[in-house]
Each structure stands twice: as structure tokens, then as C-alpha cells.
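**Q** Take a look at upload29.txt, compact mmCIF, C-alpha atoms:
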```txt
# COMPACT_ATOMS: atom_id res chain seq x y z
CA MET A 29 -25.68 -31.37 -23.54
CA HIS A 30 -25.34 -33.82 -26.44
CA LYS A 31 -22.07 -33.26 -28.25
CA LEU A 32 -23.81 -32.60 -31.57
CA GLU A 33 -25.44 -29.53 -30.00
CA LEU A 34 -22.05 -27.92 -29.40
CA ASP A 35 -20.62 -25.02 -31.35
CA THR A 36 -17.63 -25.92 -33.49
CA PRO A 37 -14.78 -26.51 -33.82
CA GLN A 38 -14.64 -28.21 -30.42
CA LEU A 39 -12.02 -30.47 -28.89
CA LEU A 40 -13.57 -33.53 -27.24
CA ILE A 41 -12.19 -36.29 -25.02
CA ASP A 42 -14.19 -39.46 -24.50
CA TRP A 43 -13.59 -39.93 -20.77
CA ASP A 44 -14.38 -43.65 -20.64
CA VAL A 45 -12.16 -44.50 -23.60
CA MET A 46 -9.34 -42.45 -22.09
CA GLN A 47 -9.72 -44.20 -18.74
CA ARG A 48 -9.66 -47.58 -20.48
CA ASN A 49 -6.44 -46.62 -22.25
CA ILE A 50 -4.86 -45.59 -18.94
CA THR A 51 -5.86 -48.87 -17.33
CA THR A 52 -4.67 -51.00 -20.26
CA MET A 53 -1.20 -49.45 -20.43
CA GLN A 54 -0.82 -49.70 -16.66
CA LYS A 55 -1.65 -53.41 -16.84
CA CYS A 56 0.94 -53.79 -19.58
CA ALA A 57 3.60 -52.25 -17.35
CA ASP A 58 2.51 -54.21 -14.29
CA ASN A 59 2.49 -57.51 -16.17
CA ALA A 60 6.03 -56.83 -17.41
CA GLY A 61 7.23 -55.83 -13.95
CA VAL A 62 8.28 -52.32 -15.01
CA LYS A 63 7.33 -48.84 -13.90
CA LEU A 64 5.13 -46.62 -16.05
CA ARG A 65 6.25 -42.99 -16.08
CA PRO A 66 3.80 -41.48 -18.61
CA HIS A 67 4.74 -38.50 -20.73
CA THR A 68 2.26 -35.71 -20.02
CA LYS A 69 3.11 -33.74 -23.18
CA THR A 70 0.10 -35.43 -24.75
CA HIS A 71 -2.64 -34.33 -22.35
CA LYS A 72 -0.94 -31.36 -20.61
CA THR A 73 -3.61 -31.61 -17.92
CA PRO A 74 -2.94 -32.24 -14.20
CA ARG A 75 -6.34 -33.86 -13.70
CA ILE A 76 -5.49 -36.58 -16.24
CA SER A 77 -2.07 -37.04 -14.66
CA HIS A 78 -3.82 -37.72 -11.36
CA LEU A 79 -5.85 -40.47 -13.04
CA GLN A 80 -2.64 -42.04 -14.37
CA GLN A 81 -1.04 -41.96 -10.93
CA LYS A 82 -4.17 -43.40 -9.33
CA ALA A 83 -4.00 -46.29 -11.80
CA GLY A 84 -0.44 -47.03 -10.69
CA ALA A 85 1.96 -44.83 -12.66
CA LYS A 86 5.22 -43.95 -10.92
CA GLY A 87 5.94 -40.30 -11.55
CA ILE A 88 5.59 -38.40 -14.81
CA THR A 89 7.68 -37.33 -17.80
CA VAL A 90 7.59 -33.85 -19.31
CA ALA A 91 9.44 -32.19 -22.18
CA LYS A 92 9.85 -28.69 -20.80
CA LEU A 93 10.40 -26.96 -17.47
CA GLY A 94 7.19 -25.02 -17.97
CA GLU A 95 5.25 -28.28 -18.18
CA ALA A 96 7.01 -29.52 -15.06
CA GLU A 97 6.07 -26.36 -13.16
CA VAL A 98 2.42 -26.69 -14.12
CA MET A 99 2.29 -30.35 -13.22
CA ASN A 100 4.02 -29.71 -9.92
CA ALA A 101 1.52 -26.96 -9.10
CA GLY A 102 -1.15 -29.56 -9.83
CA GLY A 103 0.33 -32.02 -7.34
CA ALA A 104 3.00 -34.00 -9.24
CA ASP A 105 6.12 -34.49 -7.12
CA ASP A 106 8.17 -37.05 -9.10
CA ILE A 107 9.10 -35.52 -12.45
CA LEU A 108 11.50 -36.43 -15.25
CA ILE A 109 12.31 -33.53 -17.56
CA ALA A 110 13.28 -35.41 -20.71
CA PHE A 111 15.14 -32.57 -22.39
CA PRO A 112 18.70 -31.21 -22.11
CA LEU A 113 18.45 -27.91 -20.19
CA GLN A 114 20.65 -24.95 -21.04
CA GLY A 115 21.03 -21.40 -19.79
CA ALA A 116 21.13 -19.67 -16.41
CA PRO A 117 17.35 -18.98 -16.30
CA LYS A 118 16.62 -22.68 -16.69
CA MET A 119 19.17 -23.63 -14.04
CA GLU A 120 17.49 -21.22 -11.62
CA ARG A 121 14.04 -22.62 -12.36
CA LEU A 122 15.26 -26.21 -12.17
CA LEU A 123 16.77 -25.74 -8.72
CA HIS A 124 13.69 -23.87 -7.52
CA LEU A 125 11.52 -26.76 -8.72
CA ALA A 126 13.86 -29.24 -7.04
CA GLU A 127 13.02 -27.63 -3.69
CA ARG A 128 9.40 -28.75 -4.12
CA ALA A 129 9.64 -32.04 -6.02
CA ASN A 130 11.84 -35.01 -6.80
CA VAL A 131 13.17 -33.81 -10.15
CA ARG A 132 15.38 -35.72 -12.58
CA VAL A 133 16.61 -34.55 -15.96
CA SER A 134 18.03 -36.13 -19.09
CA LEU A 135 21.16 -35.06 -20.94
CA ASP A 136 23.68 -36.31 -23.49
CA SER A 137 26.73 -34.09 -22.98
CA ARG A 138 29.38 -33.21 -20.42
CA LYS A 139 28.49 -29.51 -20.85
CA VAL A 140 24.89 -29.89 -19.71
CA ALA A 141 25.92 -32.19 -16.87
CA GLN A 142 28.55 -29.70 -15.72
CA ASP A 143 26.12 -26.77 -15.79
CA ILE A 144 23.52 -28.66 -13.78
CA SER A 145 26.15 -29.85 -11.32
CA ASP A 146 27.55 -26.35 -10.82
CA ALA A 147 24.10 -24.85 -10.24
CA ALA A 148 23.06 -27.63 -7.88
CA GLN A 149 26.32 -27.60 -5.95
CA ALA A 150 25.97 -23.84 -5.38
CA ARG A 151 22.69 -24.61 -3.63
CA GLY A 152 24.06 -27.58 -1.73
CA LYS A 153 21.89 -29.98 -3.73
CA LYS A 154 22.13 -32.87 -6.15
CA VAL A 155 19.93 -33.34 -9.22
CA GLY A 156 19.09 -36.80 -10.51
CA VAL A 157 20.28 -37.44 -14.07
CA TYR A 158 19.47 -39.88 -16.84
CA VAL A 159 21.95 -40.11 -19.71
CA GLU A 160 19.96 -40.17 -22.94
CA VAL A 161 21.00 -42.80 -25.46
CA ASP A 162 20.39 -42.77 -29.22
CA VAL A 163 19.15 -46.14 -30.46
CA GLY A 164 18.31 -44.99 -33.98
CA LEU A 165 16.26 -41.78 -33.99
CA GLY A 166 19.26 -39.51 -34.57
CA ARG A 167 17.93 -36.66 -32.46
CA VAL A 168 19.21 -36.47 -28.88
CA GLY A 169 21.41 -39.04 -27.21
CA ALA A 170 24.90 -40.39 -26.80
CA ALA A 171 25.70 -43.36 -29.00
CA HIS A 172 24.44 -46.60 -27.52
CA HIS A 173 26.93 -48.93 -25.82
CA GLU A 174 30.42 -47.34 -25.70
CA GLY A 175 29.31 -43.77 -26.36
CA ALA A 176 26.92 -43.68 -23.41
CA ARG A 177 29.35 -45.58 -21.19
CA ASP A 178 32.11 -43.08 -21.92
CA LEU A 179 29.85 -40.12 -21.13
CA VAL A 180 28.82 -41.67 -17.82
CA ARG A 181 32.50 -42.14 -16.96
CA GLU A 182 32.98 -38.39 -17.53
CA ILE A 183 30.08 -37.15 -15.45
CA VAL A 184 29.47 -39.67 -12.70
CA GLU A 185 31.76 -37.95 -10.19
CA LEU A 186 30.35 -34.45 -10.73
CA PRO A 187 29.34 -33.32 -7.23
CA GLY A 188 26.00 -31.75 -8.10
CA ILE A 189 24.44 -34.64 -9.99
CA ASP A 190 23.21 -38.08 -9.03
CA PHE A 191 23.51 -40.49 -11.96
CA LEU A 192 20.35 -42.61 -11.98
CA GLY A 193 20.41 -44.47 -15.26
CA VAL A 194 19.91 -44.39 -19.00
CA MET A 195 16.91 -43.56 -21.16
CA THR A 196 15.97 -43.48 -24.83
CA HIS A 197 13.14 -42.63 -27.19
CA ALA A 198 12.80 -44.93 -30.18
CA GLY A 199 10.99 -42.40 -32.35
CA HIS A 200 12.45 -43.92 -35.50
CA THR A 201 9.89 -46.71 -35.17
CA TYR A 202 7.32 -44.32 -36.67
CA LYS A 203 8.98 -45.05 -40.00
CA ALA A 204 8.28 -48.78 -39.64
CA LYS A 205 5.85 -50.25 -42.16
CA THR A 206 4.67 -53.37 -40.31
CA LEU A 207 3.85 -54.47 -36.79
CA GLU A 208 6.60 -57.06 -36.99
CA GLU A 209 9.14 -54.35 -37.78
CA ILE A 210 7.93 -52.31 -34.81
CA LYS A 211 8.30 -55.35 -32.55
CA GLN A 212 11.84 -55.93 -33.82
CA LEU A 213 12.83 -52.30 -33.25
CA ALA A 214 11.25 -52.34 -29.80
CA HIS A 215 13.17 -55.43 -28.75
CA GLN A 216 16.36 -53.93 -30.19
CA GLU A 217 15.66 -50.73 -28.25
CA GLY A 218 15.32 -52.64 -25.00
CA GLU A 219 18.24 -54.97 -25.61
CA TRP A 220 20.66 -52.20 -26.60
CA MET A 221 19.68 -50.19 -23.54
CA VAL A 222 20.16 -53.15 -21.19
CA GLU A 223 23.52 -53.94 -22.80
CA THR A 224 24.56 -50.30 -22.44
CA ALA A 225 23.56 -50.33 -18.78
CA ASP A 226 25.55 -53.52 -18.22
CA MET A 227 28.64 -51.93 -19.75
CA ILE A 228 28.29 -49.03 -17.31
CA ARG A 229 27.81 -51.44 -14.41
CA ALA A 230 31.00 -53.21 -15.46
CA ASP A 231 32.80 -50.00 -14.43
CA GLY A 232 31.39 -50.40 -10.93
CA ILE A 233 28.75 -47.69 -11.48
CA GLN A 234 25.21 -48.29 -10.29
CA VAL A 235 22.50 -48.03 -12.97
CA ARG A 236 19.16 -47.84 -11.23
CA GLU A 237 16.93 -47.13 -14.22
CA VAL A 238 16.81 -48.39 -17.79
CA SER A 239 14.03 -46.28 -19.25
CA VAL A 240 12.53 -46.81 -22.72
CA GLY A 241 9.43 -46.40 -24.72
CA SER A 242 7.33 -44.66 -27.27
CA THR A 243 3.65 -45.50 -27.54
CA PRO A 244 4.12 -47.97 -30.44
CA THR A 245 7.07 -49.75 -28.79
CA ALA A 246 6.36 -49.55 -25.07
CA ARG A 247 4.40 -52.77 -24.70
CA PHE A 248 7.14 -54.73 -26.51
CA ALA A 249 10.24 -53.04 -25.07
CA ALA A 250 8.79 -53.50 -21.57
CA GLN A 251 9.18 -57.25 -21.98
CA VAL A 252 12.96 -57.09 -22.38
CA ASN A 253 14.58 -58.37 -19.20
CA GLY A 254 16.49 -55.54 -17.52
CA VAL A 255 14.25 -52.68 -18.63
CA THR A 256 12.88 -50.92 -15.55
CA GLU A 257 10.64 -48.15 -16.90
CA ILE A 258 8.50 -47.19 -19.90
CA ARG A 259 7.46 -43.64 -20.83
CA PRO A 260 4.68 -43.65 -23.46
CA GLY A 261 2.52 -40.55 -23.78
CA THR A 262 0.11 -40.65 -26.70
CA TYR A 263 -1.52 -43.86 -25.43
CA VAL A 264 -3.77 -41.79 -23.18
CA PHE A 265 -5.76 -40.61 -26.25
CA TYR A 266 -4.19 -42.32 -29.28
CA ASP A 267 -4.72 -40.80 -32.74
CA THR A 268 -4.72 -41.62 -36.44
CA THR A 269 -0.95 -42.10 -36.48
CA GLN A 270 -1.10 -44.60 -33.63
CA VAL A 271 -3.77 -46.63 -35.40
CA LEU A 272 -1.70 -46.73 -38.58
CA LYS A 273 1.34 -47.77 -36.52
CA PHE A 274 -0.56 -50.70 -34.99
CA ALA A 275 -0.58 -49.29 -31.45
CA CYS A 276 -4.36 -49.33 -31.10
CA ASP A 277 -7.72 -49.67 -32.84
CA TRP A 278 -10.00 -46.86 -33.95
CA ALA A 279 -12.24 -47.54 -30.93
CA ASP A 280 -9.32 -46.64 -28.64
CA CYS A 281 -9.07 -43.06 -29.94
CA ALA A 282 -10.39 -40.85 -27.15
CA GLN A 283 -9.56 -37.46 -28.69
CA THR A 284 -11.69 -36.03 -31.49
CA VAL A 285 -12.42 -32.63 -32.95
CA LEU A 286 -16.06 -31.86 -33.66
CA ALA A 287 -16.41 -29.81 -36.86
CA THR A 288 -19.20 -28.51 -39.08
CA VAL A 289 -19.55 -28.89 -42.84
CA VAL A 290 -19.68 -25.35 -44.23
CA VAL A 291 -19.20 -26.01 -47.97
CA LYS A 292 -20.25 -28.93 -50.17
CA HIS A 293 -19.20 -29.44 -53.79
CA PRO A 294 -19.33 -32.57 -55.96
CA ASP A 295 -15.66 -33.32 -55.30
CA ARG A 296 -15.03 -31.86 -51.85
CA LEU A 297 -16.30 -30.65 -48.51
CA ILE A 298 -14.95 -27.83 -46.39
CA LEU A 299 -14.99 -28.09 -42.59
CA ASP A 300 -14.61 -25.24 -40.11
CA CYS A 301 -11.32 -26.51 -38.64
CA GLY A 302 -7.95 -25.80 -40.17
CA SER A 303 -4.34 -25.85 -39.06
CA LYS A 304 -5.17 -23.71 -36.02
CA THR A 305 -7.40 -26.55 -34.83
CA LEU A 306 -5.92 -29.79 -36.19
CA SER A 307 -2.26 -28.65 -36.48
CA SER A 308 -0.16 -29.02 -39.62
CA ASP A 309 1.04 -32.52 -38.70
CA THR A 310 0.02 -35.35 -40.98
CA ALA A 311 -0.40 -39.05 -40.33
CA PRO A 312 1.64 -41.71 -42.17
CA ASN A 313 -1.03 -41.72 -44.90
CA GLY A 314 -0.35 -38.04 -45.58
CA LEU A 315 -3.73 -36.92 -44.20
CA TYR A 316 -4.52 -34.55 -41.35
CA GLY A 317 -6.93 -36.83 -39.59
CA THR A 318 -9.72 -39.35 -40.03
CA VAL A 319 -13.41 -38.47 -40.33
CA LYS A 320 -15.24 -40.96 -38.12
CA GLY A 321 -17.88 -42.95 -39.98
CA PHE A 322 -16.83 -41.68 -43.41
CA PRO A 323 -13.85 -43.73 -44.64
CA HIS A 324 -14.18 -42.25 -48.15
CA LEU A 325 -13.54 -38.69 -46.88
CA GLU A 326 -9.89 -37.58 -46.80
CA ILE A 327 -8.65 -34.43 -45.06
CA TRP A 328 -5.86 -33.76 -47.52
CA ARG A 329 -5.25 -30.01 -47.22
CA LEU A 330 -5.55 -27.38 -44.48
CA SER A 331 -5.46 -23.64 -44.41
CA GLU A 332 -5.67 -21.76 -41.14
CA GLU A 333 -9.43 -22.10 -40.70
CA HIS A 334 -10.47 -24.53 -43.44
CA ALA A 335 -10.16 -28.29 -43.77
CA ASN A 336 -10.36 -29.36 -47.40
CA VAL A 337 -11.92 -32.82 -47.54
CA ARG A 338 -11.58 -34.90 -50.67
CA ILE A 339 -14.35 -37.31 -51.61
CA ASN A 340 -12.60 -40.53 -52.57
CA GLY A 341 -15.11 -43.27 -53.29
CA ASP A 342 -18.79 -43.92 -52.85
CA GLY A 343 -20.78 -43.60 -49.67
CA PRO A 344 -23.05 -41.28 -47.75
CA LEU A 345 -22.02 -37.65 -47.42
CA PRO A 346 -22.81 -35.13 -44.71
CA ASN A 347 -24.60 -31.96 -45.77
CA ILE A 348 -23.89 -28.32 -45.06
CA GLY A 349 -24.62 -27.76 -41.38
CA ASP A 350 -23.96 -31.37 -40.39
CA LYS A 351 -21.32 -32.08 -37.77
CA VAL A 352 -18.60 -34.70 -38.00
CA GLU A 353 -15.90 -35.94 -35.64
CA ILE A 354 -12.25 -36.06 -36.67
CA ILE A 355 -9.58 -38.26 -35.11
CA PRO A 356 -6.50 -36.02 -35.49
CA ALA A 357 -3.23 -37.14 -37.01
CA HIS A 358 -1.25 -36.21 -33.86
CA ALA A 359 -3.00 -35.87 -30.52
CA CYS A 360 -0.18 -34.08 -28.67
CA VAL A 361 0.05 -31.02 -30.89
CA VAL A 362 -3.73 -30.70 -31.10
CA MET A 363 -3.91 -30.39 -27.31
CA ASN A 364 -1.37 -27.58 -27.47
CA LEU A 365 -3.62 -25.57 -29.79
CA HIS A 366 -6.64 -25.46 -27.48
CA ASP A 367 -7.30 -23.70 -24.18
CA SER A 368 -9.65 -26.41 -22.92
CA PHE A 369 -11.49 -29.57 -23.88
CA LEU A 370 -14.91 -30.99 -23.17
CA ALA A 371 -15.09 -34.45 -21.65
CA THR A 372 -17.87 -36.67 -22.93
CA ARG A 373 -19.52 -39.91 -21.87
CA ASN A 374 -22.04 -41.71 -24.05
CA ASP A 375 -22.01 -38.67 -26.36
CA GLU A 376 -23.06 -36.30 -23.55
CA THR A 377 -20.75 -33.61 -22.18
CA ILE A 378 -19.76 -34.15 -18.56
CA GLY A 379 -17.26 -31.38 -17.89
CA GLU A 380 -14.79 -28.86 -19.25
CA PHE A 381 -11.09 -28.95 -18.37
CA GLU A 382 -8.44 -26.30 -18.91
CA ILE A 383 -5.33 -27.56 -20.73
CA GLN A 384 -3.08 -25.94 -18.18
CA ALA A 385 0.31 -26.82 -19.67
CA ARG A 386 -0.44 -25.76 -23.23
CA GLY A 387 1.99 -23.24 -24.66
CA LYS A 388 4.71 -24.06 -22.12
CA ILE A 389 7.54 -24.08 -24.63
CA ARG A 390 10.27 -22.92 -22.22
```
Translate the structure described by the file into C-alpha cells.

**A**
Amino acid sequence: MHKLELDTPQLLIDWDVMQRNITTMQKCADNAGVKLRPHTKTHKTPRISHLQQKAGAKGITVAKLGEAEVMNAGGADDILIAFPLQGAPKMERLLHLAERANVRVSLDSRKVAQDISDAAQARGKKVGVYVEVDVGLGRVGAAHHEGARDLVREIVELPGIDFLGVMTHAGHTYKAKTLEEIKQLAHQEGEWMVETADMIRADGIQVREVSVGSTPTARFAAQVNGVTEIRPGTYVFYDTTQVLKFACDWADCAQTVLATVVVKHPDRLILDCGSKTLSSDTAPNGLYGTVKGFPHLEIWRLSEEHANVRINGDGPLPNIGDKVEIIPAHACVVMNLHDSFLATRNDETIGEFEIQARGKIR
């Protein structure tokens, strides 16, 4: 079926563009001599994870245990849970998962390390651990350099953990205004992480992994000597934010939402996709997405089921009943709003895939 024959709103993934993105990022990692451990929070789909592994990725990254469980059920057996786990139920699930897969977790406190160690030791196991380092985002992470070194000194001898290395997420680069600024932050990210790892090694402690990367910074941070692993996620689809942050071109955006014009006024259009479809996240330009082929149309306001599109400039306009494609502001959250997506090739649908890890917030 041609995509314009579909009912709307409909989440679409251009399969060839996605595959090209997977191949390109893998080549970036290979050329830099680092491992690619992609974050699956973007696609939440085991089938796509298989394609990433087939291209050469080494394991996966997830944000939540629920995502890890889904991906493991789909065949993934080398999983980094990049989130500090807390609570007895999560310890039980973590150790159960560790019986079936090579699981590693990230943390930034003695408390989390102790809890994981105690749970693992009670089962006669060890769990691999990355210490998360803050290089500027101000979210999770021990302070870079001395702060991370001191935490490693505290936890390295805990009997139920196996210290593997350090990791970071340079999410603060999304505030950068220029490509040059992103490059500078990426190199700083890599250099600070390598320096932190060297400080830990100076204590006689082995640091096997120095893991970095967001989609905008990964290709630059990978080039820093001493970095061993990058963990981008959004690159698999890209989105409006990634274009505006110089990570890709519009032609690299594999994810779109097909929508129908349901209202037309002299100053605005209304589409049949609101916050339940596109999410409430905005791109750096303050808009909720980009209407392909209509640069003068701006999705500036959403209600639950309506997208309010402002007409800003001259150019052709779609009519009531016409369908348009939207490149969302943030691909990851859009995937979490949908049960499935349709894959397309040359504008024809080629298959439907369940988004199996959507809604896995625990």
C-alpha cells in the first residue's frame, strides 16, 4: 500500500534511511577504533537492535530494567542499564536478568553500589558496574576527575560488583548554538573522561571501558584517544532536534508521522495529530516538528488530538483531506507513544512492527 493511502495519524519508519543511518554510525565507530553500544531507548524494538548488532554494534544500552527485559527476550545478551537502580524489586529483577545475559549497570553513589553488591553476593554473583561521571549536564554522575576517582576507591572492593569503567552522557551539548561549540564540548567530554580514567588507573585499578556519547557528540568524542565506547541512540532515526544540532541532514530523518489536514483557515491549519501522537517535546526552534515539503508551516501549538500549524510565509498549502509527513521534534518519546510503526520503502509499506519496549518505565 502507498503510504498516502493509510489512515492517520500513522507512525512511519523509512527502512532504507534507517539502515543507512545504522551503517554510517557503525563506520564512524569502526574508523575511530571504538565500540558502538547503541541506546535502544529510541527505537524500543528488538528487530532494529538485531540490525544494529548485525552491522557491528557490541551490545546495547537501555534506560530501564523493563527495556532490558524486553530486549533480552528478543535475543540481546550484552546489556548496559544506564540508570542507577534502587529498591528490592529492581535488585531481584536485575539478578534474574543477570542469569540470562551479560548485564552491566551504571551508578554514581556508594549506596547504589552497596545495594547491588549485597544482592549479587547473596546469589553468589558479581554485576558489572560503570561509574557515571558528570561532564556538564548536571543530572546523574560523580564529578569528573577527583569525584569519580574517589567514588571508585570506595566501591572497587565491594564483593558483589565488578568495576568495569566510567561512562558519561554529554546532554548539555543540546544547548550549544554552533557545530564548532558541539565539537569543542565533545572533545572536552572525551578528554575529561580519559583523564578521569587515568587518575583511577594511577591507583592501580583497571579501567576497561571509557564510554561516552550522545548523538550530536558521538562522532567527535569517539576520536579522542583513550575512549573505548560510544552510546548514541537517536541516530537510528534522527529528528528535527538532531538536524538543528548539526547531527544530520533532513534526508537522514527516517521517522515521520503521517497526518491529515482537517481544518484550513487563512492563518492556520489543523492536523489530526496532537500531543498524544507527537509528544509535548519541542525542538530548539520551539516547534513540535517539521512538515516535510512545507518550510513555511510551523507546528507551534498542540492539544491532545490537534496540531495547530501556523502559516508563516508564502508557498503552496495543503487542503482539507490532504496528508502531510511530520519529522517530530524528538524521535525517542514519539516511539513511546505508539504501539507499532509501519516500515516503508520507496513510499510503499513493507511491514508493521510492534514497539515492544514502549511503556517500560520501571

**Q** List the spatial neighbours of Pro74 (chain A) as a PyMOL selection string - criterion: any atom at most 10 Å away, all atoms listed in the file, same-chain residues fewer than 4 positions off excluded.

**A** chain A and resi 68+78-80+95+98-104+381-385

**Q** For the residues in that selection, give me C-alpha atoms as a short mmCIF file (atom, residue, chain, number, x, y, z; two decimals), in the frame of the given file.

**A**
```cif
data_model
loop_
_atom_site.label_atom_id
_atom_site.label_comp_id
_atom_site.auth_asym_id
_atom_site.auth_seq_id
_atom_site.Cartn_x
_atom_site.Cartn_y
_atom_site.Cartn_z
CA THR A 68 2.26 -35.71 -20.02
CA HIS A 78 -3.82 -37.72 -11.36
CA LEU A 79 -5.85 -40.47 -13.04
CA GLN A 80 -2.64 -42.04 -14.37
CA GLU A 95 5.25 -28.28 -18.18
CA VAL A 98 2.42 -26.69 -14.12
CA MET A 99 2.29 -30.35 -13.22
CA ASN A 100 4.02 -29.71 -9.92
CA ALA A 101 1.52 -26.96 -9.10
CA GLY A 102 -1.15 -29.56 -9.83
CA GLY A 103 0.33 -32.02 -7.34
CA ALA A 104 3.00 -34.00 -9.24
CA PHE A 381 -11.09 -28.95 -18.37
CA GLU A 382 -8.44 -26.30 -18.91
CA ILE A 383 -5.33 -27.56 -20.73
CA GLN A 384 -3.08 -25.94 -18.18
CA ALA A 385 0.31 -26.82 -19.67
#
```

**Q** Excluding same-chain residues fewer than 2 positions from Asn313 (chain A), what lies within 9 Å of it counting all atoms listed in the file, as a VMD selection string?

**A** chain A and resid 269 272 310 to 311 315 to 316

**Q** Could you save the residues just selected, with C-alpha atoms, as a compact mmCIF listing (two decimals), in the frame of the given file?

**A**
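Saved to out-v6.txt:
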```txt
# COMPACT_ATOMS: atom_id res chain seq x y z
CA THR A 269 -0.95 -42.10 -36.48
CA LEU A 272 -1.70 -46.73 -38.58
CA THR A 310 0.02 -35.35 -40.98
CA ALA A 311 -0.40 -39.05 -40.33
CA LEU A 315 -3.73 -36.92 -44.20
CA TYR A 316 -4.52 -34.55 -41.35
```

**Q** Point out the residue among A:Glu326, A:Ala83, A:Gly199, A:Ala148 with the least atom-to-atom distance to Arg48 (chain A), counting only C-alpha atoms.

**A** A:Ala83

**Q** With a cut-off of 12 Å, could you pull out the residues of region 32-55 of chain A touching region 292-304 of chain A and give me the nearest pair of atoms for each, distance in Å to one decimal, using all atoms listed in the file, ordered by chain and ascending number, as CSV?

**A**
```
residue,atom,partner,partner_atom,distance
A:Asp35,CA,A:Asp300,CA,10.6
A:Thr36,CA,A:Asp300,CA,7.3
A:Pro37,CA,A:Cys301,CA,5.9
A:Gln38,CA,A:Cys301,CA,9.0
A:Leu39,CA,A:Cys301,CA,10.5
```

**Q** Could you check which of A:Val290, A:Ile76, A:Thr262, A:Arg132 is closest to Val352 (chain A), using all atoms listed in the file?

**A**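 Among the listed residues, A:Val290 lies closest to Val352 (chain A).
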
**Q** Closest to Asp42 (chain A) among A:Lys388, A:Tyr263, A:Phe111, A:Leu370, using only C-alpha atoms?

**A**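 Looking at the shortest contact to Asp42 (chain A), the residue is A:Leu370.
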
**Q** CA of Ala116 (chain A) and CA of Arg151 (chain A), how far apart in Å?

**A**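 Separation of CA of Arg151 (chain A) and CA of Ala116 (chain A): 13.8 Å.
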
**Q** Near Leu186 (chain A), within 12 Å and counting all atoms listed in the file, which residues show up once chain neighbours fewer than 2 positions away are dropped, as an MDAnalysis selection string?

**A** chainID A and resid 138:149 153:157 179:184 188:191
